[in-house]
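What follows is a short report on a single structure.
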Amino acid sequence: MTFTVSAGETQHGWAVGTPGPISTGPLVRGRMHTPAPGPGDLLLRVEACGVCRTDLHLAEGDLAPHRRSTVPGHEIVGRVVATGDSVTMFRTGDRAGGAWLRGTCGTCRYCRAGQENLCPRSTYTGWDADGGFADLALVPEAFAYPLPEGQDATSLAPLLCAGIIGYRALRRSALPEGGRLGIYGFGASAHLAAQVALAENATVHVLTRSARARALALELGAASAGDAYDPPPEPLDSAILFAPVGDLVPVALEALDRSGTLAIAGIHLTDIPPLNYQRHLFQERNLRSVTSNTRQDGRDFLALAERIGIQVTVTPYPLSRADQALADLAADHVTGAAVLVPD
């Protein structure tokens, strides 16, 4: 085991205290002991950590906590400062990324079939184990990603969840080559998925309530940008719902052309209102959910993002203002992706 930090060194971080509305202050700042890396673990000094809507769902109680006082954050860019036994792919000083998927059993029928995202014993960073809203974070080597040296950490961080989940949602939407894609909600994940679709010659229509997000969509090359409840200017081959708003499910389904597919990208969604079979599902329209991602999704997306030169729109916050970052995310005051950086 190699250490470049002192065992027992204290660090600053944020943990979810009592989940509740963001106005009640569910995120609590404090000092904590440095975690010691076990076999196969990397200890990262955090260079940047993206703020995901899943972190907000955990803080507000939309996702039931899996443990007490968990440190959120699963879009972690850091430097390896310590390694546990059996680590072979990373060395001290390497840049590595930690993402949402943290562990799988490797033996169930889903893992064996290449569907590890559906593993019943899967674990997640910032939910089952402490994440990156801190100075230091543990990441299992088997679920870490090597990251390029030449790119700013704040631009890399959102790729590790917003990017990967958006990529999987795009693939789940079954968008045909040169097809027409509708994107509902336009935050961190959506603005990255849109660029992948555009690079693959799709026509992209963005539908969101945020005027700033609509402006960003047009800057990135969207063919149109309207309100979330407006009909798109043409029938859609595919659609992705990024906003956690169940009321938009029938809206998006109705916007699909025959045999079109709607993929719901979020881990949490408010209740879906009743669907009318003729208006929303007939003519072989499809409704799909998106559950986490596989490591292969991550590898494929990170390689694609580098190849197409994906542009990441970032709103940075110092780590000491993580609570404000979550509050701004809850109020839709963040354009692109919020990212925490060391003070």
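The way I read the labels, and the way they are meant: chains A, B, ... in the order of the structure tokens, residue 1 as the first residue of every chain, and ligand 1 as the first ligand shown, with later ones counted on from there.
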Stretch 123-301 of chain A: residues DSSP assigns to strand (DSSP E), reported as a ChimeraX atom specification: /A:123-124,136-140,144-146,180-184,203-207,224-226,236-241,256-264,286-289
DSSP helix (DSSP H, G or I) residues within stretch 138-336 of chain A, as number ranges by chain: A: 141-143, 153-160, 162-172, 188-199, 211-220, 248-255, 277-281, 295-308, 319-330
Which residues of stretch 170-210 of chain A come within 10 Å of stretch 53-66 of chain A, and what is each one's closest atom pair and distance in Å (one decimal), counting only C-alpha atoms, sorted by chain and residue number, as CSV?
residue,atom,partner,partner_atom,distance
A:Gly187,CA,A:Arg53,CA,9.3
A:Ala188,CA,A:Arg53,CA,8.9
A:Ser189,CA,A:Arg53,CA,9.6
Near-stretch 15-27 of chain A list (12 Å; only C-alpha atoms; drop same-chain fewer than 3 positions) as a ChimeraX atom specification: /A:12,30-32,55-73,126-127,129-134,320-331
Within 10 Å of A:Asp271 using only C-alpha atoms, minus same-chain residues under 6 positions, as a PyMOL selection string: chain A and resi 244-247+249
Write the residues you've just listed into a file as a compact mmCIF listing (two decimals), in the first residue's frame, and include all heavy atoms for each of them.
# COMPACT_ATOMS: atom_id res chain seq x y z
N PRO A 244 -37.38 15.54 -14.39
CA PRO A 244 -38.02 14.52 -13.55
C PRO A 244 -39.51 14.80 -13.34
O PRO A 244 -40.02 14.75 -12.22
CB PRO A 244 -37.23 14.61 -12.24
CG PRO A 244 -36.85 16.05 -12.14
CD PRO A 244 -36.60 16.50 -13.56
N VAL A 245 -40.21 15.07 -14.43
CA VAL A 245 -41.60 15.56 -14.37
C VAL A 245 -42.50 14.57 -15.11
O VAL A 245 -42.51 14.52 -16.35
CB VAL A 245 -41.71 16.97 -15.01
CG1 VAL A 245 -43.14 17.48 -14.91
CG2 VAL A 245 -40.74 17.93 -14.32
N GLY A 246 -43.26 13.77 -14.36
CA GLY A 246 -44.11 12.76 -14.96
C GLY A 246 -45.16 13.32 -15.89
O GLY A 246 -45.59 12.64 -16.84
N ASP A 247 -45.58 14.56 -15.65
CA ASP A 247 -46.59 15.19 -16.52
C ASP A 247 -46.12 15.30 -17.97
O ASP A 247 -46.95 15.44 -18.88
CB ASP A 247 -46.93 16.60 -16.01
CG ASP A 247 -47.81 16.58 -14.78
OD1 ASP A 247 -48.33 15.49 -14.43
OD2 ASP A 247 -47.97 17.64 -14.14
N VAL A 249 -44.52 12.99 -19.66
CA VAL A 249 -44.50 11.71 -20.37
C VAL A 249 -45.57 11.67 -21.46
O VAL A 249 -45.26 11.38 -22.63
CB VAL A 249 -44.63 10.53 -19.40
CG1 VAL A 249 -44.84 9.21 -20.15
CG2 VAL A 249 -43.38 10.44 -18.51
Please identify all polymer residues within 12 Å of A:Thr315, counting only C-alpha atoms, omitting same-chain residues fewer than 3 positions from it, and present them as a tab-separated table (two decimals) with N, CA, C and O atoms, in the first residue's frame.
chain	number	residue	atom	x	y	z
A	48	ALA	N	-12.22	18.08	-8.88
A	48	ALA	CA	-13.54	18.63	-9.21
A	48	ALA	C	-14.56	17.52	-9.02
A	48	ALA	O	-14.26	16.34	-9.18
A	49	CYS	N	-15.77	17.91	-8.65
A	49	CYS	CA	-16.87	16.95	-8.54
A	49	CYS	C	-18.14	17.60	-9.07
A	49	CYS	O	-18.56	18.66	-8.58
A	50	GLY	N	-18.74	16.97	-10.06
A	50	GLY	CA	-19.98	17.49	-10.61
A	50	GLY	C	-21.13	17.35	-9.62
A	50	GLY	O	-21.13	16.48	-8.74
A	51	VAL	N	-22.10	18.24	-9.76
A	51	VAL	CA	-23.31	18.21	-8.93
A	51	VAL	C	-24.44	17.71	-9.80
A	51	VAL	O	-24.84	18.37	-10.78
A	154	THR	N	-12.85	20.66	-14.32
A	154	THR	CA	-14.26	21.05	-14.24
A	154	THR	C	-15.03	20.63	-15.49
A	154	THR	O	-16.23	20.39	-15.43
A	155	SER	N	-14.34	20.54	-16.63
A	155	SER	CA	-14.99	20.09	-17.85
A	155	SER	C	-15.10	18.57	-17.92
A	155	SER	O	-15.99	18.04	-18.59
A	157	ALA	N	-15.52	16.55	-15.17
A	157	ALA	CA	-16.40	15.99	-14.14
A	157	ALA	C	-17.81	15.66	-14.65
A	157	ALA	O	-18.32	14.56	-14.40
A	158	PRO	N	-18.50	16.56	-15.35
A	158	PRO	CA	-19.87	16.23	-15.78
A	158	PRO	C	-19.95	15.06	-16.75
A	158	PRO	O	-21.02	14.45	-16.89
A	187	GLY	N	-30.56	20.33	-19.02
A	187	GLY	CA	-29.54	20.60	-18.02
A	187	GLY	C	-28.23	19.94	-18.38
A	187	GLY	O	-27.87	19.82	-19.56
A	188	ALA	N	-27.52	19.47	-17.35
A	188	ALA	CA	-26.17	18.94	-17.54
A	188	ALA	C	-26.15	17.78	-18.51
A	188	ALA	O	-25.37	17.74	-19.46
A	312	VAL	N	-18.47	21.34	-22.79
A	312	VAL	CA	-19.16	21.23	-21.51
A	312	VAL	C	-19.38	22.63	-20.95
A	312	VAL	O	-18.43	23.38	-20.72
A	318	PRO	N	-17.19	26.83	-5.34
A	318	PRO	CA	-16.21	26.27	-4.40
A	318	PRO	C	-16.88	25.19	-3.55
A	318	PRO	O	-18.10	25.23	-3.31
A	324	GLN	N	-25.23	25.75	-1.72
A	324	GLN	CA	-25.77	26.73	-2.66
A	324	GLN	C	-25.89	26.14	-4.06
A	324	GLN	O	-26.86	26.42	-4.78
A	325	ALA	N	-24.93	25.30	-4.45
A	325	ALA	CA	-25.00	24.65	-5.75
A	325	ALA	C	-26.25	23.79	-5.86
A	325	ALA	O	-26.96	23.82	-6.88
A	326	LEU	N	-26.56	23.04	-4.80
A	326	LEU	CA	-27.78	22.22	-4.81
A	326	LEU	C	-29.02	23.09	-4.84
A	326	LEU	O	-30.00	22.77	-5.53
A	328	ASP	N	-29.32	26.10	-6.11
A	328	ASP	CA	-29.45	26.67	-7.45
A	328	ASP	C	-29.94	25.62	-8.44
A	328	ASP	O	-30.73	25.92	-9.34
A	329	LEU	N	-29.48	24.38	-8.29
A	329	LEU	CA	-29.95	23.30	-9.16
A	329	LEU	C	-31.44	23.08	-8.95
A	329	LEU	O	-32.20	22.90	-9.92
A	333	HIS	N	-31.48	27.35	-11.63
A	333	HIS	CA	-30.65	28.53	-11.87
A	333	HIS	C	-29.27	28.17	-12.41
A	333	HIS	O	-28.41	29.05	-12.51
A	334	VAL	N	-29.06	26.89	-12.73
A	334	VAL	CA	-27.77	26.45	-13.25
A	334	VAL	C	-27.89	26.24	-14.76
A	334	VAL	O	-28.77	25.51	-15.22
A	335	THR	N	-27.00	26.87	-15.50
A	335	THR	CA	-26.93	26.63	-16.95
A	335	THR	C	-25.83	25.61	-17.20
A	335	THR	O	-24.69	25.78	-16.78
A	336	GLY	N	-26.18	24.52	-17.88
A	336	GLY	CA	-25.22	23.45	-18.09
A	336	GLY	C	-25.07	22.63	-16.82
A	336	GLY	O	-26.05	22.18	-16.23
A	337	ALA	N	-23.83	22.44	-16.36
A	337	ALA	CA	-23.54	21.58	-15.22
A	337	ALA	C	-22.91	22.38	-14.09
A	337	ALA	O	-22.00	23.19	-14.32
A	338	ALA	N	-23.37	22.16	-12.86
A	338	ALA	CA	-22.72	22.72	-11.67
A	338	ALA	C	-21.57	21.80	-11.29
A	338	ALA	O	-21.72	20.57	-11.29
A	339	VAL	N	-20.45	22.39	-10.94
A	339	VAL	CA	-19.26	21.61	-10.56
A	339	VAL	C	-18.61	22.23	-9.34
A	339	VAL	O	-18.39	23.44	-9.30
A	340	LEU	N	-18.29	21.39	-8.35
A	340	LEU	CA	-17.58	21.83	-7.16
A	340	LEU	C	-16.07	21.73	-7.39
A	340	LEU	O	-15.59	20.74	-7.95
A	341	VAL	N	-15.34	22.73	-6.91
A	341	VAL	CA	-13.87	22.72	-7.00
A	341	VAL	C	-13.32	23.06	-5.62
A	341	VAL	O	-13.99	23.70	-4.80
